[in-house]
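As provided, data_19.txt (compact mmCIF, C-alpha atoms) reads as follows.
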```txt
# COMPACT_ATOMS: atom_id res chain seq x y z
CA MET A 62 46.20 -10.98 -71.58
CA ASP A 63 49.91 -11.65 -72.07
CA ARG A 64 52.08 -13.67 -69.78
CA LYS A 65 54.17 -10.72 -68.63
CA ARG A 66 51.13 -8.79 -67.42
CA LEU A 67 49.78 -11.82 -65.47
CA LEU A 68 53.07 -12.24 -63.64
CA GLY A 69 52.97 -8.57 -62.60
CA MET A 70 49.50 -8.89 -61.09
CA ALA A 71 50.46 -12.02 -59.13
CA ALA A 72 53.46 -10.25 -57.67
CA ALA A 73 51.29 -7.34 -56.52
CA ALA A 74 48.89 -9.75 -54.78
CA LEU A 75 51.72 -11.41 -52.89
CA MET A 76 52.86 -8.00 -51.63
CA VAL A 77 49.40 -7.18 -50.22
CA LEU A 78 48.87 -10.51 -48.44
CA PRO A 79 51.57 -10.17 -45.78
CA MET A 80 50.32 -6.67 -44.93
CA THR A 81 46.85 -8.06 -44.36
CA LEU A 82 48.19 -10.81 -42.11
CA VAL A 83 50.16 -8.31 -40.08
CA SER A 84 47.04 -6.19 -39.60
CA CYS A 85 45.01 -9.19 -38.31
CA ASN A 86 47.74 -10.15 -35.87
CA LYS A 87 47.74 -6.60 -34.45
CA ASP A 88 43.97 -6.76 -33.73
CA ASP A 89 44.42 -10.08 -31.96
CA ASP A 90 47.06 -8.57 -29.69
CA ASP A 91 44.66 -5.74 -28.71
CA ASP A 92 41.88 -8.21 -27.84
CA ASN A 93 44.15 -10.28 -25.62
CA GLN A 94 45.50 -7.28 -23.73
CA GLU A 95 44.46 -7.36 -20.02
CA VAL A 96 42.10 -4.58 -18.83
CA LYS A 97 43.52 -2.91 -15.73
CA VAL A 98 41.53 -2.23 -12.54
CA GLU A 99 40.74 1.47 -12.04
CA LYS A 100 38.59 1.55 -8.85
CA VAL A 101 36.24 -0.39 -6.55
CA GLU A 102 32.83 0.71 -5.29
CA LEU A 103 30.65 -0.57 -2.41
CA ASN A 104 26.86 -0.70 -2.62
CA ILE A 105 26.52 0.81 0.90
CA HIS A 106 28.65 3.55 2.41
CA GLU A 107 26.93 4.00 5.77
CA GLN A 108 24.89 1.52 7.82
CA ASP A 109 23.01 2.28 11.05
CA ILE A 110 22.46 -1.08 12.71
CA PHE A 111 21.86 -2.76 16.05
CA VAL A 112 24.18 -5.12 17.93
CA GLY A 113 23.54 -8.74 16.99
CA GLU A 114 22.43 -7.94 13.45
CA LYS A 115 24.30 -8.38 10.18
CA PHE A 116 24.24 -7.10 6.61
CA THR A 117 26.04 -7.82 3.34
CA LEU A 118 28.30 -5.49 1.37
CA GLU A 119 28.81 -5.93 -2.36
CA ALA A 120 32.00 -4.69 -4.06
CA THR A 121 32.05 -3.79 -7.76
CA VAL A 122 35.48 -3.73 -9.40
CA LEU A 123 35.63 -1.23 -12.28
CA PRO A 124 35.77 -1.19 -15.19
CA LYS A 125 33.44 -4.16 -15.40
CA ASN A 126 35.64 -5.94 -17.96
CA ALA A 127 38.70 -5.75 -15.72
CA LYS A 128 40.31 -9.21 -15.58
CA ASN A 129 41.41 -9.30 -11.92
CA LYS A 130 38.30 -9.03 -9.69
CA LYS A 131 39.97 -10.18 -6.47
CA VAL A 132 39.42 -8.06 -3.34
CA THR A 133 40.22 -8.31 0.37
CA TRP A 134 37.99 -7.24 3.28
CA THR A 135 39.04 -5.77 6.63
CA SER A 136 37.36 -4.21 9.67
CA GLY A 137 38.65 -1.09 11.32
CA ASP A 138 37.70 -2.53 14.73
CA GLU A 139 36.80 -6.21 14.97
CA LYS A 140 35.56 -5.67 18.54
CA ILE A 141 32.66 -3.71 17.02
CA ALA A 142 32.11 -5.49 13.71
CA THR A 143 33.66 -8.32 11.71
CA VAL A 144 33.56 -8.96 7.98
CA ASP A 145 33.81 -12.21 6.01
CA ASN A 146 33.65 -11.97 2.22
CA GLY A 147 31.37 -8.91 2.50
CA GLU A 148 29.09 -10.21 5.27
CA VAL A 149 29.27 -7.85 8.24
CA LYS A 150 28.34 -8.96 11.76
CA VAL A 151 27.85 -6.35 14.50
CA ILE A 152 29.27 -7.39 17.88
CA ALA A 153 29.30 -4.32 20.14
CA VAL A 154 28.15 -0.71 20.39
CA GLY A 155 30.37 1.81 18.61
CA THR A 156 31.43 3.13 15.22
CA THR A 157 33.90 1.59 12.82
CA TYR A 158 34.61 1.19 9.10
CA ILE A 159 34.59 -1.85 6.85
CA TYR A 160 37.21 -1.63 4.06
CA VAL A 161 37.51 -3.35 0.71
CA LYS A 162 40.75 -3.33 -1.30
CA THR A 163 41.51 -4.60 -4.82
CA SER A 164 44.35 -7.08 -5.25
CA GLU A 165 45.44 -5.24 -8.37
CA GLY A 166 46.28 -1.57 -7.86
CA GLY A 167 45.27 -1.46 -4.19
CA PHE A 168 42.15 0.62 -4.78
CA LYS A 169 39.91 1.06 -1.70
CA ASP A 170 36.36 1.91 -0.63
CA SER A 171 34.73 1.89 2.81
CA CYS A 172 31.43 1.67 4.67
CA LYS A 173 30.81 3.43 7.98
CA VAL A 174 29.10 1.17 10.52
CA ILE A 175 27.18 2.78 13.40
CA ALA A 176 26.37 0.02 15.88
CA ARG A 177 23.65 0.71 18.43
CA GLY A 178 22.71 -1.25 21.52
CA ASN A 179 19.14 -0.15 22.22
CA ILE A 180 16.43 1.73 20.37
CA GLU A 181 16.51 5.50 20.83
CA PHE A 182 13.12 6.96 21.77
CA ALA A 183 12.25 10.64 21.46
CA ASP A 184 10.07 10.61 24.58
CA ALA A 185 11.69 9.50 27.84
CA LYS A 186 8.26 8.72 29.31
CA PHE A 187 7.53 6.35 26.46
CA LEU A 188 10.85 4.58 27.09
CA ALA A 189 10.19 4.44 30.84
CA ALA A 190 6.79 2.83 30.27
CA LEU A 191 8.32 0.20 28.01
CA VAL A 192 11.22 -0.52 30.38
CA ALA A 193 8.77 -0.97 33.26
CA ASP A 194 6.89 -3.67 31.32
CA LYS A 195 8.64 -6.98 32.05
CA ASN A 196 6.85 -8.64 29.16
CA ILE A 197 8.69 -6.24 26.83
CA ASN A 198 11.95 -5.51 28.69
CA THR A 199 12.84 -9.16 29.10
CA ASP A 200 16.52 -8.62 30.02
CA GLY A 201 15.63 -6.12 32.75
CA ASP A 202 18.09 -3.41 31.66
CA ASP A 203 17.36 0.30 31.17
CA GLY A 204 16.64 0.10 27.44
CA ILE A 205 14.72 -1.77 24.74
CA SER A 206 16.71 -3.71 22.17
CA ARG A 207 15.67 -4.36 18.58
CA GLN A 208 15.10 -8.01 19.47
CA GLU A 209 12.88 -7.14 22.44
CA ALA A 210 10.82 -4.79 20.27
CA ALA A 211 10.38 -7.41 17.55
CA ALA A 212 9.20 -9.97 20.11
CA ALA A 213 6.54 -7.76 21.71
CA GLU A 214 2.89 -8.40 20.80
CA SER A 215 1.07 -6.04 23.19
CA ILE A 216 1.78 -2.52 24.49
CA ASP A 217 -0.32 -0.63 27.04
CA ILE A 218 1.01 2.90 27.58
CA SER A 219 -2.33 4.57 28.35
CA ALA A 220 -2.41 7.67 30.58
CA LYS A 221 1.38 8.07 30.86
CA ASN A 222 1.62 11.72 29.75
CA ILE A 223 3.45 10.59 26.62
CA THR A 224 3.87 13.16 23.82
CA SER A 225 5.57 10.96 21.19
CA ILE A 226 5.67 7.25 20.40
CA ASP A 227 8.43 7.58 17.80
CA GLY A 228 10.26 4.26 17.87
CA ILE A 229 7.04 2.26 17.72
CA GLU A 230 8.03 1.29 14.15
CA TYR A 231 10.49 -1.28 15.57
CA PHE A 232 7.63 -3.26 17.14
CA THR A 233 6.86 -4.96 13.85
CA ASN A 234 4.99 -7.93 15.35
CA LEU A 235 2.77 -5.86 17.61
CA LYS A 236 -0.89 -6.95 17.68
CA GLU A 237 -2.36 -4.71 20.39
CA LEU A 238 -1.58 -1.05 21.07
CA ASP A 239 -3.26 1.10 23.73
CA CYS A 240 -1.94 4.67 23.78
CA SER A 241 -5.21 6.28 24.87
CA GLU A 242 -5.55 9.15 27.38
CA ASN A 243 -2.18 10.68 26.51
CA LYS A 244 -3.68 14.11 25.99
CA SER A 245 -0.61 15.71 24.37
CA LEU A 246 -0.04 12.93 21.84
CA GLU A 247 -0.59 14.62 18.47
CA SER A 248 0.57 12.03 15.93
CA ILE A 249 1.35 8.34 15.54
CA ASP A 250 2.95 6.47 12.64
CA LEU A 251 1.53 2.95 12.39
CA SER A 252 2.70 2.19 8.84
CA LYS A 253 5.18 -0.51 9.97
CA LEU A 254 2.74 -2.26 12.32
CA THR A 255 1.14 -4.46 9.69
CA ASN A 256 0.21 -7.18 12.24
CA LEU A 257 -1.83 -4.83 14.44
CA THR A 258 -5.32 -6.18 15.25
CA SER A 259 -6.44 -3.82 18.05
CA LEU A 260 -5.84 -0.05 18.33
CA MET A 261 -6.95 2.16 21.20
CA CYS A 262 -5.97 5.82 20.88
CA SER A 263 -8.97 7.70 22.25
CA TYR A 264 -8.74 10.88 24.36
CA THR A 265 -5.49 12.07 22.80
CA ALA A 266 -4.74 15.09 20.58
CA LEU A 267 -4.49 13.26 17.25
CA THR A 268 -5.21 15.44 14.22
CA SER A 269 -4.73 12.64 11.68
CA LEU A 270 -4.76 8.85 11.69
CA ASP A 271 -3.67 6.62 8.80
CA ILE A 272 -4.59 2.94 9.23
CA THR A 273 -4.62 2.01 5.54
CA LYS A 274 -1.52 -0.21 6.02
CA ASN A 275 -2.99 -1.97 9.07
CA THR A 276 -5.22 -4.40 7.20
CA GLU A 277 -5.37 -6.92 10.09
CA LEU A 278 -7.23 -4.52 12.38
CA THR A 279 -10.48 -5.82 13.86
CA TYR A 280 -11.00 -3.16 16.56
CA VAL A 281 -10.32 0.59 16.50
CA ASN A 282 -11.22 3.18 19.14
CA CYS A 283 -10.02 6.65 18.13
CA ALA A 284 -12.90 8.65 19.63
CA ASN A 285 -12.48 12.00 21.38
CA ASN A 286 -9.61 13.37 19.34
CA LYS A 287 -9.19 16.15 16.75
CA LEU A 288 -9.56 14.00 13.64
CA ASP A 289 -11.36 15.43 10.60
CA THR A 290 -11.12 12.36 8.34
CA LEU A 291 -10.65 8.61 8.71
CA ASP A 292 -10.45 6.11 5.87
CA ILE A 293 -11.30 2.50 6.77
CA ARG A 294 -12.06 1.19 3.26
CA LYS A 295 -8.93 -1.01 3.18
CA ASN A 296 -9.60 -2.44 6.65
CA SER A 297 -11.79 -5.31 5.48
CA LYS A 298 -11.39 -7.28 8.74
CA LEU A 299 -12.63 -4.44 10.93
CA GLU A 300 -15.47 -5.45 13.26
CA THR A 301 -15.78 -2.40 15.52
CA ILE A 302 -15.01 1.26 14.86
CA LEU A 303 -15.43 3.96 17.52
CA CYS A 304 -14.54 7.33 16.05
CA GLY A 305 -17.09 9.91 17.25
CA ASN A 306 -16.95 12.90 19.58
CA GLN A 307 -14.14 14.62 17.70
CA ALA A 308 -13.45 18.32 18.19
CA GLU A 309 -15.15 18.90 14.83
CA GLU A 310 -17.21 16.65 12.58
CA ILE A 311 -15.22 13.70 11.23
CA LYS A 312 -15.70 12.31 7.72
CA LEU A 313 -15.61 8.52 7.82
CA PHE A 314 -14.79 6.89 4.47
CA LEU A 315 -16.18 3.36 4.34
CA THR A 316 -17.46 0.67 1.98
CA ILE A 317 -20.98 -0.70 1.54
CA ASP A 318 -20.06 -3.88 3.40
CA GLN A 319 -18.62 -1.86 6.28
CA TYR A 320 -21.76 0.25 6.44
CA ASN A 321 -23.92 -2.87 6.68
CA GLY A 322 -21.68 -4.98 8.91
CA VAL A 323 -19.48 -2.65 10.97
CA TRP A 324 -21.29 0.63 11.22
CA ASN A 325 -24.99 -0.11 11.14
CA GLU A 326 -25.38 -3.56 12.66
CA LYS A 327 -23.15 -2.68 15.60
CA LYS A 328 -23.99 0.96 16.02
CA GLU A 329 -25.24 0.30 19.53
CA LYS A 330 -21.57 -0.37 20.32
CA SER A 331 -20.26 2.44 18.18
CA ASP A 332 -19.70 5.98 19.32
CA ASN A 333 -20.98 7.66 16.15
CA LYS A 334 -21.70 11.19 17.36
CA ASN A 335 -20.61 13.98 15.04
CA VAL A 336 -19.65 11.57 12.25
CA ALA A 337 -20.42 12.15 8.55
CA LEU A 338 -20.37 8.98 6.45
CA VAL A 339 -18.63 9.25 3.08
CA MET A 340 -19.41 6.37 0.76
CA ASP A 341 -19.97 5.78 -2.92
CA ILE A 342 -23.25 3.88 -2.69
CA PHE A 343 -22.82 2.58 -6.22
CA GLY A 344 -19.28 1.25 -5.82
CA ASN A 345 -18.90 -1.30 -8.59
CA ALA A 346 -22.64 -1.64 -9.03
CA VAL A 347 -24.28 -2.68 -12.29
CA PHE A 348 -27.81 -2.49 -13.70
CA ASN A 349 -29.55 -5.86 -13.86
CA SER A 350 -32.73 -6.87 -15.67
CA VAL A 351 -34.12 -9.93 -17.45
CA LYS A 352 -34.60 -7.58 -20.41
CA PHE A 353 -30.87 -6.86 -20.68
CA ASP A 354 -28.53 -9.15 -22.58
CA ALA A 355 -25.98 -8.67 -19.77
CA ASN A 356 -25.49 -6.56 -16.68
CA LEU A 357 -24.87 -2.95 -17.66
CA LYS A 358 -21.93 -1.06 -16.20
CA ASP A 359 -22.00 2.67 -15.60
CA GLY A 360 -22.23 4.53 -18.92
CA GLU A 361 -23.16 1.52 -21.06
CA SER A 362 -26.16 1.27 -23.42
CA THR A 363 -29.02 -1.07 -24.22
CA LYS A 364 -31.99 -1.26 -26.64
CA ILE A 365 -35.57 -2.29 -25.93
CA GLU A 366 -38.54 -2.44 -28.27
CA LEU A 367 -41.44 -0.11 -27.61
CA ASP A 368 -43.99 -2.94 -27.55
CA GLN A 369 -42.41 -4.21 -24.32
CA LYS A 370 -44.24 -1.27 -22.64
CA LYS A 371 -42.77 -1.87 -19.18
CA PHE A 372 -39.79 -3.55 -17.56
CA ASN A 373 -37.98 -3.56 -14.18
CA PHE A 374 -34.32 -3.26 -13.32
CA PHE A 375 -32.26 -3.48 -10.13
CA LEU A 376 -28.90 -2.30 -8.88
CA TYR A 377 -26.58 -5.27 -8.39
CA ASP A 378 -23.27 -5.66 -6.63
CA SER A 379 -21.03 -6.81 -9.47
CA GLU A 380 -18.67 -8.69 -7.16
CA LYS A 381 -21.33 -10.66 -5.30
CA ASP A 382 -23.86 -10.94 -8.11
CA ALA A 383 -26.68 -10.03 -5.74
CA ASN A 384 -28.92 -7.07 -5.05
CA LEU A 385 -27.08 -3.97 -3.89
CA SER A 386 -28.68 -3.91 -0.46
CA PHE A 387 -28.41 -2.07 2.83
CA ILE A 388 -29.44 -2.95 6.33
CA GLU A 389 -31.49 0.25 6.51
CA SER A 390 -33.50 1.92 3.81
CA SER A 391 -32.47 5.56 4.29
CA LEU A 392 -29.49 5.52 1.91
CA LEU A 393 -31.49 3.93 -0.91
CA LYS A 394 -34.44 6.25 -0.37
CA GLN A 395 -32.18 9.29 -0.78
CA LEU A 396 -31.30 8.30 -4.36
CA VAL A 397 -32.63 10.66 -7.03
CA TRP A 398 -33.68 8.78 -10.18
CA GLU A 399 -34.08 10.60 -13.49
CA SER A 400 -34.94 9.91 -17.10
CA SER A 401 -33.41 12.63 -19.26
CA ASP A 402 -36.34 12.41 -21.70
CA GLU A 403 -39.61 11.48 -20.03
CA THR A 404 -41.39 11.42 -23.40
CA VAL A 405 -39.32 8.27 -24.07
CA ALA A 406 -39.40 6.60 -20.63
CA LEU A 407 -40.84 7.26 -17.17
CA LEU A 408 -39.34 5.89 -13.95
CA GLU A 409 -41.01 4.60 -10.80
CA PRO A 410 -38.38 3.68 -8.18
CA SER A 411 -39.19 1.82 -4.98
CA VAL A 412 -37.32 0.36 -2.01
CA SER A 413 -38.19 -3.18 -0.94
CA GLU A 414 -37.19 -5.36 2.00
CA GLU A 415 -36.01 -8.95 1.92
CA ASN A 416 -34.27 -10.92 4.70
CA ASP A 417 -33.86 -7.75 6.79
CA TYR A 418 -32.05 -5.98 3.93
CA TYR A 419 -33.36 -3.26 1.64
CA TYR A 420 -32.82 -3.03 -2.09
CA VAL A 421 -33.98 -0.71 -4.88
CA GLN A 422 -36.16 -1.64 -7.84
CA VAL A 423 -37.03 0.72 -10.71
CA LYS A 424 -40.05 0.25 -12.98
CA VAL A 425 -39.64 1.77 -16.45
CA SER A 426 -42.67 2.70 -18.58
CA LEU A 427 -41.84 3.07 -22.28
CA LYS A 428 -43.64 5.98 -23.97
CA SER A 429 -42.16 6.50 -27.43
CA VAL A 430 -39.28 5.68 -29.76
CA GLY A 431 -36.14 7.60 -28.89
CA GLU A 432 -33.15 7.76 -26.57
CA THR A 433 -32.90 8.70 -22.89
CA GLU A 434 -30.36 8.50 -20.10
CA ILE A 435 -31.49 6.77 -16.91
CA SER A 436 -29.48 7.83 -13.89
CA ALA A 437 -29.33 7.79 -10.10
CA THR A 438 -27.52 10.30 -7.89
CA ASP A 439 -26.82 9.86 -4.20
CA GLY A 440 -26.62 12.54 -1.52
CA GLN A 441 -22.86 12.93 -2.01
CA GLY A 442 -22.92 13.65 -5.72
CA ASN A 443 -22.03 10.15 -6.93
CA LYS A 444 -23.86 9.16 -10.10
CA ILE A 445 -24.53 5.98 -12.07
CA SER A 446 -26.34 5.83 -15.42
CA PHE A 447 -27.04 3.94 -18.64
CA LYS A 448 -28.41 4.93 -22.04
CA LEU A 449 -31.69 3.43 -23.14
CA THR A 450 -32.71 3.39 -26.79
CA VAL A 451 -36.37 2.55 -27.47
CA THR A 452 -36.93 1.09 -30.93
CA GLU A 453 -39.96 0.13 -33.02
```
What does this structure look like when you write it as structure tokens?
Amino acid sequence: MDRKRLLGMAAAALMVLPMTLVSCNKDDDDDNQEVKVEKVELNIHEQDIFVGEKFTLEATVLPKNAKNKKVTWTSGDEKIATVDNGEVKVIAVGTTYIYVKTSEGGFKDSCKVIARGNIEFADAKFLAALVADKNINTDGDDGISRQEAAAAESIDISAKNITSIDGIEYFTNLKELDCSENKSLESIDLSKLTNLTSLMCSYTALTSLDITKNTELTYVNCANNKLDTLDIRKNSKLETILCGNQAEEIKLFLTIDQYNGVWNEKKEKSDNKNVALVMDIFGNAVFNSVKFDANLKDGESTKIELDQKKFNFFLYDSEKDANLSFIESSLLKQLVWESSDETVALLEPSVSEENDYYYVQVKVSLKSVGETEISATDGQGNKISFKLTVTE
């Protein structure tokens, strides 16, 4: 390549280089440009709260990459509520607004604060009964504050002609509640009363009762109502349940342990008239035998050689690793045992007693090589089974 041509190419390169440098400098200027604030948003726009309580507001300056995130806080009426860096304290009854404002651009947002002095109850008779109780109404005024409700551990409002106990949800530390003999009381919401240990609500007009959240309960008397179902399976600490004499038959959902320990052992204390027990007898039961390699769960399979001729198996409680047993024999005797192919295996079930408990044992006679399903069905349609293959 000749010298003249090389000089021309070098000159062209020098012309391009400054343009490139200019372009890079322009990008740098864009990156360093400050992002302006466009708005501010609060996480809460209305708060219903009681005097003496506080809550925290969070302000988000947008866009999120805006450089100046400074804001100022003000209260519309500091006699009702004050604010310090987003923390709001309620001082007196009333309504006011808490404002936030950006330092750049002066953008604003607000939260309405409704400050209440005492709990509002739907039923004046319920309120009157609470106010009359000096153990609850500790300041002696004509209302119940949030603090008084939270401090209460026992409420007896029986036979007060109360139709609603709405507001009971504020009594979060309540342990004992007696609202019995209020014959127009049709519903109660106990979902917030997670510390409740004793509940008496008999002789009311309840059509439903949910105590699945009240896992500390040891005593429940809900007899003589209009309940059609009651589920106590999550109430593992329950010692006494009185739920009979409903307007119609009540279905009581319970576990095996509750049947043995709560229902049957203490039935002399239990009002169990007109009650239908609903229980999956099998629960998490497994089939157990020295002939099995391991306990068989529902639907599993095993193989046994024909020359074994006979073997026994039991129903076990998989959690306790013990015989699935009941304090009375009637539930086990109602089980229907079947072999789907009796030319392969025949069954001979029996109920035995040990330490005042009953358990089921099944003798299996092997007849020929083949496959059969061995199953048990209880009186409520629950079924448990395993597949048995008989080999040479």
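For A:Ala142, the set of protein, DNA and RNA residues having any atom at most 6 Å away, when counting all atoms listed in the file and skipping those fewer than 4 positions along the same chain, is Lys150, Val151 and Ile152 of chain A.
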(request) Write out as a list in words which residues come within 10 Å of A:Gly322 when counting only C-alpha atoms, dropping same-chain ones fewer than 2 positions away. (result) Leu299, Glu300, Thr301, Thr316, Ile317, Asp318, Gln319, Tyr320, Trp324, Asn325, Glu326, Lys327, Lys328, Phe387 and Ile388 of chain A
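If only C-alpha atoms are the atoms counted, then among A:Lys274, A:Ile141, A:Thr156, A:Lys334 the closest residue to A:Leu303 is A:Lys334.
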Which neighbours of A:Thr433 fall inside 7 Å, counting all atoms listed in the file, when residues of the same chain fewer than 3 positions from it are skipped, and could you give them as a CSV table (one decimal) with C-alpha atoms, in the frame of the given file?
```
chain,number,residue,atom,x,y,z
A,400,SER,CA,-34.9,9.9,-17.1
A,401,SER,CA,-33.4,12.6,-19.3
A,402,ASP,CA,-36.3,12.4,-21.7
A,405,VAL,CA,-39.3,8.3,-24.1
A,448,LYS,CA,-28.4,4.9,-22.0
A,449,LEU,CA,-31.7,3.4,-23.1
A,450,THR,CA,-32.7,3.4,-26.8
```
(request) For atom CA of A:Leu238 and atom CA of A:Ile110, quote the distance in Å rounded to one decimal. (result)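 Spanning atom CA of A:Leu238 to atom CA of A:Ile110 is a straight-line distance of 25.5 Å.
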(request) List the neighbours of stretch 203-217 of chain A out to 10 Å using all atoms listed in the file; skip same-chain residues closer than 2 positions along the sequence, and give me the result as a ChimeraX atom specification. (result) /A:110-114,177-182,188-194,196-201,219-221,228-241,256-257,259,261
(request) Select, from A:Val161, A:Asn335, A:Glu148, A:Gly166, the residue with the minimum atom-to-atom distance to A:Ala127, counting all atoms listed in the file. (result) A:Gly166
(request) State, in Å with one decimal place, the distance from atom CA of A:Gln94 to atom CA of A:Asp170. (result)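 Separation of atom CA of A:Gln94 and atom CA of A:Asp170: 26.5 Å.
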(request) Please work out which residues fall within 12 Å of (-45.5, 6.2, -13.6), coordinates as given in the file, with all atoms listed in the file counting, and return them as JSON, numbers by chain. (result) {"A": [370, 371, 372, 400, 403, 404, 406, 407, 408, 409, 410, 411, 423, 424, 425, 426, 427, 428]}
(message) Using only C-alpha atoms and a cutoff of 8 Å, can you tell me which residues are near (-18.6, 7.6, 19.6) in the file's coordinates, and write them out as a ChimeraX atom specification?
(response) /A:284-285,303-306,331-334
(message) With distances taken over only C-alpha atoms, which residue among A:Val154, A:Cys172, A:Val451, A:Ile293 lies nearest A:Glu102?
(response) A:Cys172
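Atom CA of A:Asn384 is found 20.4 Å from atom CA of A:Ser362.
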(message) Could you check the closest approach to A:Ile218 for each of A:Glu95, A:Glu242, A:Glu361, A:Asp417 and tell me which residue wins, using all atoms listed in the file?
(response) A:Glu242
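With distances restricted to all atoms listed in the file, A:Thr438 is the closest residue to A:Leu393 from A:Gln307, A:Ser350, A:Thr438, A:Thr135.
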(request) Have a look at A:Leu267, A:Val323, A:Cys262, A:Ala308 and name the one nearest to A:Asn296; count only C-alpha atoms. (result)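 Distance minimum relative to A:Asn296 lands on A:Val323.
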(request) For A:Ile311, work out the shell of residues within 6 Å, counting all atoms listed in the file and skipping chain neighbours fewer than 6 positions away, then give it as a list of chain:residue names. (result)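 After dropping sequence-adjacent residues, the list is A:Asp289, A:Thr290, A:Val336.
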Keeping only C-alpha atoms, write those residues as a CSV table (one decimal), in the coordinates of the input.
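File produced: out-v1.csv:
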```
chain,number,residue,atom,x,y,z
A,289,ASP,CA,-11.4,15.4,10.6
A,290,THR,CA,-11.1,12.4,8.3
A,336,VAL,CA,-19.6,11.6,12.2
```
